[in-house]
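Have a look at upload01.txt below; it lists compact mmCIF, C-alpha atoms.
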```txt
# COMPACT_ATOMS: atom_id res chain seq x y z
CA MET A 1 -16.61 -13.67 -107.80
CA TYR A 2 -14.96 -14.27 -104.47
CA PRO A 3 -16.87 -13.81 -101.19
CA ALA A 4 -16.17 -10.47 -99.51
CA GLU A 5 -15.10 -12.11 -96.24
CA LEU A 6 -12.49 -14.19 -98.08
CA VAL A 7 -10.77 -11.23 -99.74
CA GLN A 8 -11.06 -8.70 -96.89
CA PRO A 9 -7.70 -9.58 -95.26
CA MET A 10 -6.02 -9.34 -98.68
CA ARG A 11 -7.72 -5.99 -99.29
CA ASP A 12 -6.69 -4.78 -95.85
CA ASP A 13 -3.05 -5.68 -96.55
CA LEU A 14 -2.83 -2.81 -99.05
CA GLY A 15 -5.46 -0.61 -97.40
CA ASN A 16 -3.51 -0.56 -94.14
CA ALA A 17 -0.49 0.64 -96.12
CA GLY A 18 -2.44 3.64 -97.41
CA PHE A 19 -3.78 2.33 -100.72
CA GLU A 20 -7.23 3.61 -101.63
CA HIS A 21 -9.67 0.89 -102.69
CA LEU A 22 -11.54 1.64 -105.90
CA TYR A 23 -14.80 -0.09 -106.75
CA THR A 24 -16.16 1.64 -109.85
CA ALA A 25 -14.96 2.54 -113.34
CA ASP A 26 -15.53 6.23 -112.58
CA ALA A 27 -13.33 6.03 -109.49
CA VAL A 28 -10.55 4.32 -111.47
CA ASN A 29 -10.72 6.79 -114.34
CA SER A 30 -10.71 9.70 -111.90
CA ALA A 31 -7.70 8.33 -110.00
CA ILE A 32 -5.69 7.64 -113.13
CA SER A 33 -6.40 11.05 -114.64
CA LYS A 34 -5.31 13.00 -111.55
CA GLU A 35 -2.39 15.34 -111.93
CA GLY A 36 0.87 13.72 -110.89
CA THR A 37 1.58 10.03 -110.56
CA THR A 38 -0.75 7.20 -109.60
CA LEU A 39 0.22 3.62 -108.83
CA VAL A 40 -2.57 1.15 -109.56
CA VAL A 41 -2.24 -2.34 -108.06
CA VAL A 42 -4.54 -5.04 -109.42
CA ASN A 43 -4.76 -7.22 -106.31
CA SER A 44 -5.50 -10.93 -106.40
CA VAL A 45 -6.11 -13.97 -104.18
CA CYS A 46 -3.23 -15.89 -105.77
CA GLY A 47 -0.10 -16.85 -103.89
CA CYS A 48 2.18 -14.57 -105.89
CA ALA A 49 0.04 -11.61 -104.83
CA ALA A 50 0.51 -12.53 -101.17
CA ALA A 51 4.19 -13.43 -101.36
CA ASN A 52 5.45 -11.00 -103.98
CA ALA A 53 3.07 -8.34 -105.29
CA ARG A 54 1.56 -6.83 -102.15
CA PRO A 55 4.83 -6.88 -100.16
CA GLY A 56 6.70 -5.47 -103.16
CA ALA A 57 4.18 -2.67 -103.65
CA LYS A 58 4.39 -1.73 -99.97
CA MET A 59 8.21 -1.88 -99.89
CA SER A 60 8.40 0.31 -102.99
CA LEU A 61 6.95 3.19 -101.00
CA GLU A 62 10.10 3.28 -98.85
CA ASN A 63 11.72 5.61 -101.36
CA ALA A 64 12.49 9.32 -101.53
CA LYS A 65 10.35 9.64 -104.64
CA LYS A 66 6.98 7.90 -104.69
CA PRO A 67 3.63 8.22 -106.41
CA ASP A 68 1.29 11.03 -105.48
CA HIS A 69 -1.62 8.59 -105.35
CA ILE A 70 -1.74 4.85 -104.58
CA VAL A 71 -4.86 2.88 -105.40
CA THR A 72 -5.95 -0.72 -105.76
CA VAL A 73 -8.66 -2.80 -107.40
CA PHE A 74 -9.35 -6.47 -106.69
CA ALA A 75 -9.50 -9.00 -109.53
CA GLY A 76 -12.37 -11.45 -109.23
CA VAL A 77 -14.29 -9.06 -106.99
CA ASP A 78 -14.41 -5.49 -108.31
CA ARG A 79 -15.21 -6.35 -111.94
CA GLU A 80 -16.17 -2.84 -113.08
CA ALA A 81 -13.12 -1.23 -111.49
CA VAL A 82 -10.75 -3.95 -112.70
CA ASP A 83 -12.09 -3.71 -116.25
CA ALA A 84 -11.52 0.06 -116.23
CA ALA A 85 -7.99 -0.32 -114.86
CA ARG A 86 -7.15 -2.97 -117.45
CA ALA A 87 -8.55 -0.80 -120.24
CA ALA A 88 -6.13 1.95 -119.16
CA MET A 89 -3.26 -0.57 -119.21
CA ILE A 90 -3.66 -1.46 -122.90
CA PRO A 91 -1.60 -2.61 -124.86
CA PHE A 92 -0.71 -4.95 -122.01
CA PRO A 93 -2.99 -7.99 -121.71
CA PRO A 94 -5.10 -8.45 -118.57
CA SER A 95 -3.21 -10.11 -115.73
CA SER A 96 -3.41 -10.27 -111.99
CA PRO A 97 -1.68 -9.38 -109.96
CA SER A 98 -0.27 -6.46 -111.90
CA MET A 99 0.88 -2.92 -111.24
CA ALA A 100 0.84 0.17 -113.39
CA LEU A 101 2.27 3.64 -112.87
CA PHE A 102 0.43 6.51 -114.55
CA LYS A 103 1.69 10.06 -114.90
CA ASN A 104 -0.92 12.71 -115.65
CA GLY A 105 -3.20 9.98 -116.99
CA GLU A 106 -0.59 8.31 -119.21
CA LEU A 107 0.74 4.80 -118.59
CA VAL A 108 4.49 5.08 -117.99
CA HIS A 109 5.42 1.77 -116.33
CA MET A 110 3.86 -1.68 -116.13
CA LEU A 111 4.53 -4.87 -114.18
CA GLU A 112 2.56 -7.83 -115.46
CA ARG A 113 2.01 -11.09 -113.61
CA HIS A 114 5.00 -12.69 -115.36
CA HIS A 115 7.19 -9.89 -113.95
CA ILE A 116 5.87 -10.66 -110.44
CA GLU A 117 5.45 -14.42 -110.25
CA GLY A 118 8.58 -16.16 -108.97
CA ARG A 119 10.40 -12.91 -108.18
CA PRO A 120 11.09 -11.77 -104.64
CA ALA A 121 9.20 -8.80 -103.27
CA GLU A 122 12.48 -6.89 -102.97
CA MET A 123 13.09 -7.17 -106.72
CA ILE A 124 9.57 -5.95 -107.46
CA ALA A 125 10.05 -3.03 -105.06
CA GLU A 126 13.35 -2.09 -106.73
CA ASN A 127 11.72 -2.18 -110.16
CA LEU A 128 8.98 0.16 -108.95
CA LYS A 129 11.45 2.46 -107.19
CA GLU A 130 13.35 2.88 -110.45
CA ALA A 131 10.08 3.86 -112.13
CA TYR A 132 9.32 6.31 -109.32
CA ASN A 133 12.78 7.87 -109.55
CA GLU A 134 12.28 8.41 -113.26
CA ASN A 135 8.65 9.56 -113.21
CA CYS A 136 7.73 10.97 -109.78
```
Hey, can you dump this file as structure tokens for me?
Amino acid sequence: MYPAELVQPMRDDLGNAGFEHLYTADAVNSAISKEGTTLVVVNSVCGCAAANARPGAKMSLENAKKPDHIVTVFAGVDREAVDAARAAMIPFPPSSPSMALFKNGELVHMLERHHIEGRPAEMIAENLKEAYNENC
């Protein structure tokens, strides 16, 4: 587990963009099951989260269609919440960072770490925008 003071700036990066932080399995399950679309970002301390995932997630919201709800959990910190999010992302294996779009509780789009690592934030944002245009 990472110290809270270490991850706070990384948490704030998404929180300041309007993402709701989830800390419990109940909160994750409630968010995912809401009517409409929910983007779940599994945040991380790794470099690809800072350079690619978080900027890409934020840029993706600059779109006519976007998720009704945007939430985040933090790998290595919010174990209960992350485990619940990853359980909802099956059949995809656990990875962080990662992003999943749910529609009425059903997983409709997934970006795993290997889709994020080494790709520019703009490419990640475009991938998510395409998913929003199809599902939101």
For a cutoff of 12 Å around the file-coordinate point (-2.7, -3.6, -111.8), which residues qualify once you count all atoms listed in the file? I'd like the result as number ranges by chain.
A: 22, 28, 32, 38-44, 49, 53-54, 57, 70-75, 81-90, 92-102, 107, 109-113, 115-116
Might I get the box with edges along x, y and z of the file that holds all atoms of range 54-67 of chain A listed there, padded by 8 Å on every side, given as centre and edge lengths in Å to one decimal, as AutoDock Vina command-line options?
```
--center_x 7.0 --center_y 1.4 --center_z -102.6 --size_x 26.9 --size_y 32.5 --size_z 23.6
```
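The shortest atom-to-atom distance to Glu122 in chain A, with all atoms listed in the file taken into account, belongs to A:Pro55 out of A:Gly47, A:Pro67, A:Gly18, A:Pro55.
With distances restricted to only C-alpha atoms, A:Leu61 is the closest residue to Asn127 in chain A from A:Met1, A:Gly76, A:Pro9, A:Leu61.
Note that the spacing between CA of Ala4 in chain A and CA of Thr24 in chain A amounts to 15.9 Å.
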With all atoms listed in the file as the atoms that count, which of A:Lys34, A:Asn135, A:Leu128, A:Val77 lies nearest to Leu6 in chain A?
A:Val77
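With all atoms listed in the file as the atoms that count, the residue of A:Glu126, A:Gly56, A:Val45, A:Glu80 with the shortest distance to Pro3 in chain A is A:Val45.
Rounded to one decimal, CA of Tyr2 in chain A and CA of Tyr23 in chain A lie 14.4 Å from each other.
Atom pair CA of Lys129 in chain A / CA of Ala27 in chain A: separated by 25.1 Å.
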Please output range 34-45 of chain A, rebuilt to include all heavy atoms, as a CSV table (one decimal), in the coordinates of the input.
```csv
chain,number,residue,atom,x,y,z
A,34,LYS,N,-5.8,11.9,-112.5
A,34,LYS,CA,-5.3,13.0,-111.6
A,34,LYS,C,-3.9,13.5,-112.0
A,34,LYS,O,-3.1,12.8,-112.5
A,34,LYS,CB,-5.2,12.5,-110.1
A,34,LYS,CG,-6.6,12.3,-109.5
A,34,LYS,CD,-6.4,11.9,-108.0
A,34,LYS,CE,-7.8,11.7,-107.4
A,34,LYS,NZ,-7.7,11.2,-106.0
A,35,GLU,N,-3.7,14.8,-111.7
A,35,GLU,CA,-2.4,15.3,-111.9
A,35,GLU,C,-1.4,14.6,-111.1
A,35,GLU,O,-1.6,14.3,-109.9
A,35,GLU,CB,-2.4,16.8,-111.6
A,35,GLU,CG,-1.1,17.5,-112.0
A,35,GLU,CD,-1.2,19.0,-111.8
A,35,GLU,OE1,-2.3,19.6,-111.9
A,35,GLU,OE2,-0.1,19.6,-111.5
A,36,GLY,N,-0.2,14.4,-111.6
A,36,GLY,CA,0.9,13.7,-110.9
A,36,GLY,C,0.9,12.3,-111.2
A,36,GLY,O,0.4,11.8,-112.3
A,37,THR,N,1.4,11.5,-110.3
A,37,THR,CA,1.6,10.0,-110.6
A,37,THR,C,0.6,9.2,-109.7
A,37,THR,O,0.4,9.5,-108.5
A,37,THR,CB,3.0,9.6,-110.3
A,37,THR,OG1,3.4,10.1,-109.0
A,37,THR,CG2,4.0,10.2,-111.3
A,38,THR,N,0.2,8.1,-110.3
A,38,THR,CA,-0.8,7.2,-109.6
A,38,THR,C,-0.3,5.8,-109.8
A,38,THR,O,-0.1,5.4,-111.0
A,38,THR,CB,-2.2,7.4,-110.1
A,38,THR,OG1,-2.6,8.7,-110.0
A,38,THR,CG2,-3.1,6.4,-109.4
A,39,LEU,N,-0.1,5.0,-108.7
A,39,LEU,CA,0.2,3.6,-108.8
A,39,LEU,C,-1.1,2.9,-108.7
A,39,LEU,O,-1.8,3.1,-107.7
A,39,LEU,CB,1.2,3.2,-107.7
A,39,LEU,CG,1.5,1.7,-107.7
A,39,LEU,CD1,2.3,1.2,-108.9
A,39,LEU,CD2,2.3,1.3,-106.4
A,40,VAL,N,-1.4,2.0,-109.6
A,40,VAL,CA,-2.6,1.2,-109.6
A,40,VAL,C,-2.1,-0.3,-109.4
A,40,VAL,O,-1.4,-0.8,-110.2
A,40,VAL,CB,-3.4,1.3,-110.8
A,40,VAL,CG1,-4.6,0.3,-110.8
A,40,VAL,CG2,-3.9,2.7,-111.1
A,41,VAL,N,-2.5,-0.9,-108.3
A,41,VAL,CA,-2.2,-2.3,-108.1
A,41,VAL,C,-3.5,-3.1,-108.3
A,41,VAL,O,-4.5,-2.9,-107.7
A,41,VAL,CB,-1.7,-2.6,-106.6
A,41,VAL,CG1,-1.5,-4.1,-106.4
A,41,VAL,CG2,-0.4,-1.8,-106.4
A,42,VAL,N,-3.4,-4.1,-109.2
A,42,VAL,CA,-4.5,-5.0,-109.4
A,42,VAL,C,-4.2,-6.2,-108.5
A,42,VAL,O,-3.4,-7.0,-108.7
A,42,VAL,CB,-4.7,-5.5,-110.9
A,42,VAL,CG1,-5.8,-6.5,-111.0
A,42,VAL,CG2,-4.9,-4.3,-111.8
A,43,ASN,N,-5.0,-6.2,-107.4
A,43,ASN,CA,-4.8,-7.2,-106.3
A,43,ASN,C,-5.4,-8.5,-106.7
A,43,ASN,O,-6.3,-8.6,-107.6
A,43,ASN,CB,-5.4,-6.7,-105.0
A,43,ASN,CG,-4.8,-7.3,-103.8
A,43,ASN,OD1,-4.1,-8.3,-103.8
A,43,ASN,ND2,-5.2,-6.8,-102.6
A,44,SER,N,-5.0,-9.6,-106.0
A,44,SER,CA,-5.5,-10.9,-106.4
A,44,SER,C,-5.4,-11.9,-105.2
A,44,SER,O,-4.7,-11.6,-104.3
A,44,SER,CB,-4.6,-11.5,-107.5
A,44,SER,OG,-4.9,-12.8,-107.8
A,45,VAL,N,-6.2,-13.0,-105.3
A,45,VAL,CA,-6.1,-14.0,-104.2
A,45,VAL,C,-4.9,-14.9,-104.4
A,45,VAL,O,-4.7,-15.7,-103.5
A,45,VAL,CB,-7.4,-14.8,-104.1
A,45,VAL,CG1,-8.6,-13.9,-103.7
A,45,VAL,CG2,-7.7,-15.6,-105.3
```
